[in-house]
Amino acid sequence: PSTIEMGITRDGRPTLFCGAVDIGQGASTVLTQIAADALGVLADHVALVSGDTDRTADAGKSSASRQTFVSGNAARLAGEDLRRQILQLAEVDGEATIQSGDGSLVVIDSAGRRIPIELAELPSVPASDAQTECVIVGHGRFDPDTTPLDADGQGVPYQTYAFGAQIASVDVDPALGTVKVRKIVAAHDVGRAINPTQVEGQIHGGIAQGLGFALMEAYVPGRTENLHDYLI
């Protein structure tokens with residue numbers, strides 16, 4: 001499961017409190033995008049507090065695209081909860097828009113009426129386990145629908161799965177035993193791409209790792225069981 005919070009600071013800045021650690025897969029960017037979209041503000045206006053054990057809750061491990069799905073849903077729920085509270089303070093319906101920044105928070109209803117939220121009059125509330133400057137905090141928690149593996153190794157360890165196919169065109173020199181890769185075509189069913197540029201980058205990275213594993217590494221079962229004996 002992943003727990004994420006999103007708050008509004010006293011100066012009107014939306015802030016995402018996320019324990020997910022970005023290890024290069026772009027989780028910080030994607031989670032900010034998702035939370036901003038759920039709240040209804042620009043991603044550039046959202047500040048991020050990431051991987052801070054004093055200020056963020058547990059978001060689980062970072063592996064492949066797990067954080068996009070698990071923490072992404074938690075970020076969406078936090079943004080939606082924060083939006084609901086803001087619109088409730090302004091006493092408007094769900095069609096309203098929110099503007100933040102420059103020390104202010106303004107709600108614009110469906111008729112175009114601007115309703116400022118007086119942040120200075122609101123008491124501070126805790127986000128996670130530490131007191132922050134937030135005056136409104138939305139909470140989101142997401143636990144994927146999974147089942148543990150049984151004695152035969154059967155179960156549903158993940159809620160979502162990705163599918164892909166790669167084709168490599170290679171030249172082989174039978175006399176020298178050398179291989180030269182001429183072209184690789186990769187096709188992936190990624191579902192809804194939150195950030196298409198990052199998706200493409202992950203596919204390129206997977207191709208590079210696959211090339212390295214196939215052409216530049218030698219794994220011998222029973223012998224190369226640690227990095228001391230693993231030829232790279």
# chains A, B, ... in the order shown; residues from 1 in each chain; ligands from 1
$ residues_around --residues "region 132-142 of chain A" --least-positions-apart "6" --cutoff "6 Å" --atoms "only C-alpha atoms" --output "number ranges by chain"
A: 1-10, 74, 77-78, 81-82, 122-126
$ residues_around --residues "Gln99 (chain A)" --least-positions-apart "4" --cutoff "9 Å" --atoms "only C-alpha atoms" --output "ChimeraX atom specification"
/A:40-42,104-108
$ select_by_dssp --residues "region 79-227 of chain A" --states "alpha helix (DSSP H)" --output "VMD selection string"
chain A and resid 79 to 90 196 to 216
$ write_last_selection --atoms "N, CA, C and O atoms" --output "short mmCIF file (atom, residue, chain, number, x, y, z; two decimals), in the first residue's frame"
data_model
loop_
_atom_site.label_atom_id
_atom_site.label_comp_id
_atom_site.auth_asym_id
_atom_site.auth_seq_id
_atom_site.Cartn_x
_atom_site.Cartn_y
_atom_site.Cartn_z
N GLY A 79 -5.14 14.32 -3.92
CA GLY A 79 -5.51 15.54 -4.64
C GLY A 79 -7.01 15.74 -4.68
O GLY A 79 -7.50 16.88 -4.53
N GLU A 80 -7.76 14.66 -4.89
CA GLU A 80 -9.22 14.75 -4.93
C GLU A 80 -9.78 15.14 -3.56
O GLU A 80 -10.73 15.92 -3.46
N ASP A 81 -9.17 14.58 -2.50
CA ASP A 81 -9.64 14.91 -1.14
C ASP A 81 -9.35 16.37 -0.82
O ASP A 81 -10.20 17.08 -0.24
N LEU A 82 -8.17 16.85 -1.21
CA LEU A 82 -7.83 18.25 -0.97
C LEU A 82 -8.76 19.17 -1.76
O LEU A 82 -9.23 20.20 -1.24
N ARG A 83 -9.04 18.81 -3.00
CA ARG A 83 -9.94 19.63 -3.83
C ARG A 83 -11.33 19.70 -3.19
O ARG A 83 -11.95 20.77 -3.12
N ARG A 84 -11.82 18.56 -2.69
CA ARG A 84 -13.14 18.53 -2.07
C ARG A 84 -13.20 19.47 -0.87
O ARG A 84 -14.17 20.21 -0.69
N GLN A 85 -12.15 19.48 -0.05
CA GLN A 85 -12.13 20.34 1.13
C GLN A 85 -12.09 21.83 0.74
O GLN A 85 -12.74 22.67 1.37
N ILE A 86 -11.31 22.14 -0.31
CA ILE A 86 -11.20 23.53 -0.74
C ILE A 86 -12.55 24.03 -1.26
O ILE A 86 -13.01 25.13 -0.92
N LEU A 87 -13.20 23.22 -2.10
CA LEU A 87 -14.49 23.63 -2.65
C LEU A 87 -15.54 23.71 -1.55
O LEU A 87 -16.47 24.53 -1.63
N GLN A 88 -15.40 22.87 -0.54
CA GLN A 88 -16.34 22.93 0.59
C GLN A 88 -16.17 24.23 1.35
O GLN A 88 -17.15 24.86 1.77
N LEU A 89 -14.92 24.68 1.54
CA LEU A 89 -14.68 25.95 2.20
C LEU A 89 -15.26 27.12 1.40
O LEU A 89 -15.77 28.09 1.97
N ALA A 90 -15.18 27.01 0.07
CA ALA A 90 -15.70 28.08 -0.78
C ALA A 90 -17.20 27.97 -1.01
O ALA A 90 -17.81 28.88 -1.58
N PRO A 196 4.44 10.59 -21.63
CA PRO A 196 4.93 9.84 -22.79
C PRO A 196 6.45 9.88 -22.98
O PRO A 196 7.05 8.88 -23.38
N THR A 197 7.07 11.01 -22.68
CA THR A 197 8.52 11.10 -22.83
C THR A 197 9.23 10.14 -21.90
O THR A 197 10.20 9.48 -22.27
N GLN A 198 8.75 10.04 -20.65
CA GLN A 198 9.36 9.12 -19.70
C GLN A 198 9.10 7.67 -20.10
O GLN A 198 9.97 6.81 -19.91
N VAL A 199 7.93 7.39 -20.64
CA VAL A 199 7.64 6.02 -21.10
C VAL A 199 8.63 5.62 -22.18
O VAL A 199 9.21 4.53 -22.14
N GLU A 200 8.84 6.49 -23.13
CA GLU A 200 9.80 6.20 -24.21
C GLU A 200 11.21 6.02 -23.64
O GLU A 200 11.95 5.14 -24.07
N GLY A 201 11.56 6.85 -22.68
CA GLY A 201 12.87 6.73 -22.07
C GLY A 201 13.05 5.40 -21.36
O GLY A 201 14.14 4.80 -21.42
N GLN A 202 12.01 4.91 -20.68
CA GLN A 202 12.11 3.61 -20.01
C GLN A 202 12.28 2.48 -21.02
O GLN A 202 13.02 1.53 -20.78
N ILE A 203 11.59 2.59 -22.16
CA ILE A 203 11.73 1.56 -23.19
C ILE A 203 13.15 1.57 -23.76
O ILE A 203 13.78 0.53 -23.94
N HIS A 204 13.67 2.77 -24.02
CA HIS A 204 15.04 2.88 -24.51
C HIS A 204 16.03 2.29 -23.49
O HIS A 204 16.99 1.61 -23.86
N GLY A 205 15.78 2.58 -22.22
CA GLY A 205 16.66 2.05 -21.18
C GLY A 205 16.62 0.54 -21.11
O GLY A 205 17.65 -0.12 -20.92
N GLY A 206 15.42 -0.03 -21.27
CA GLY A 206 15.29 -1.49 -21.27
C GLY A 206 16.03 -2.12 -22.44
O GLY A 206 16.66 -3.18 -22.30
N ILE A 207 15.97 -1.47 -23.60
CA ILE A 207 16.71 -1.97 -24.76
C ILE A 207 18.20 -1.96 -24.49
O ILE A 207 18.92 -2.93 -24.78
N ALA A 208 18.69 -0.86 -23.92
CA ALA A 208 20.12 -0.76 -23.62
C ALA A 208 20.55 -1.83 -22.62
O ALA A 208 21.62 -2.45 -22.77
N GLN A 209 19.74 -2.07 -21.59
CA GLN A 209 20.07 -3.10 -20.62
C GLN A 209 20.05 -4.48 -21.26
O GLN A 209 20.90 -5.34 -20.96
N GLY A 210 19.07 -4.72 -22.13
CA GLY A 210 19.01 -6.01 -22.81
C GLY A 210 20.20 -6.26 -23.70
O GLY A 210 20.76 -7.36 -23.74
N LEU A 211 20.64 -5.22 -24.42
CA LEU A 211 21.83 -5.34 -25.26
C LEU A 211 23.06 -5.66 -24.40
O LEU A 211 23.87 -6.52 -24.75
N GLY A 212 23.18 -4.95 -23.28
CA GLY A 212 24.32 -5.19 -22.41
C GLY A 212 24.32 -6.60 -21.85
O GLY A 212 25.36 -7.26 -21.80
N PHE A 213 23.16 -7.07 -21.44
CA PHE A 213 23.06 -8.42 -20.87
C PHE A 213 23.41 -9.48 -21.92
O PHE A 213 24.12 -10.45 -21.64
N ALA A 214 22.91 -9.29 -23.15
CA ALA A 214 23.12 -10.30 -24.20
C ALA A 214 24.54 -10.29 -24.75
O ALA A 214 25.09 -11.35 -25.06
N LEU A 215 25.14 -9.12 -24.89
CA LEU A 215 26.41 -9.02 -25.61
C LEU A 215 27.62 -8.77 -24.73
O LEU A 215 28.75 -9.02 -25.17
N MET A 216 27.43 -8.29 -23.53
CA MET A 216 28.58 -7.85 -22.73
C MET A 216 28.66 -8.49 -21.35
O MET A 216 29.53 -8.13 -20.56
#
$ residues_around --residues "Ala187 (chain A)" --least-positions-apart "3" --cutoff "10 Å" --atoms "only C-alpha atoms" --output "mmCIF file with N, CA, C and O atoms, in the first residue's frame"
data_model
loop_
_atom_site.group_PDB
_atom_site.id
_atom_site.type_symbol
_atom_site.label_atom_id
_atom_site.label_comp_id
_atom_site.auth_asym_id
_atom_site.auth_seq_id
_atom_site.Cartn_x
_atom_site.Cartn_y
_atom_site.Cartn_z
ATOM 1 N N PHE A 163 2.661 -5.642 -21.049
ATOM 2 C CA PHE A 163 3.030 -6.596 -22.080
ATOM 3 C C PHE A 163 3.815 -5.883 -23.177
ATOM 4 O O PHE A 163 3.522 -4.733 -23.517
ATOM 5 N N GLY A 164 4.808 -6.575 -23.706
ATOM 6 C CA GLY A 164 5.623 -5.975 -24.757
ATOM 7 C C GLY A 164 6.293 -7.048 -25.599
ATOM 8 O O GLY A 164 6.326 -8.221 -25.237
ATOM 9 N N ALA A 165 6.808 -6.628 -26.739
ATOM 10 C CA ALA A 165 7.525 -7.539 -27.629
ATOM 11 C C ALA A 165 8.681 -6.782 -28.271
ATOM 12 O O ALA A 165 8.549 -5.604 -28.613
ATOM 13 N N GLN A 166 9.810 -7.461 -28.392
ATOM 14 C CA GLN A 166 10.992 -6.883 -29.029
ATOM 15 C C GLN A 166 11.458 -7.783 -30.172
ATOM 16 O O GLN A 166 11.423 -9.007 -30.058
ATOM 17 N N ILE A 167 11.889 -7.171 -31.250
ATOM 18 C CA ILE A 167 12.478 -7.900 -32.370
ATOM 19 C C ILE A 167 13.828 -7.271 -32.667
ATOM 20 O O ILE A 167 13.937 -6.054 -32.811
ATOM 21 N N VAL A 190 1.365 -0.009 -22.886
ATOM 22 C CA VAL A 190 1.613 0.694 -21.633
ATOM 23 C C VAL A 190 0.344 1.234 -20.995
ATOM 24 O O VAL A 190 0.396 1.823 -19.910
ATOM 25 N N ILE A 203 11.592 2.587 -22.158
ATOM 26 C CA ILE A 203 11.729 1.558 -23.191
ATOM 27 C C ILE A 203 13.146 1.574 -23.764
ATOM 28 O O ILE A 203 13.775 0.526 -23.943
#
$ closest_residue --among "A:Leu176, A:Gln67, A:Tyr219, A:Lys183" --to "Pro144 (chain A)" --atoms "only C-alpha atoms"
A:Gln67
$ atom_distance --atom1 "CA of His45 (chain A)" --atom2 "CA of Leu31 (chain A)"
13.4 Å
$ atom_distance --atom1 "CA of Ser71 (chain A)" --atom2 "CA of Ala38 (chain A)"
13.4 Å
$ closest_residue --among "A:Glu225, A:Asp52, A:Glu121, A:Asp22" --to "Ser65 (chain A)" --atoms "only C-alpha atoms"
A:Asp22
$ residues_around --residues "Thr32 (chain A)" --least-positions-apart "6" --cutoff "9 Å" --atoms "only C-alpha atoms" --output "PyMOL selection string"
chain A and resi 16+43-44+46-48+72+75
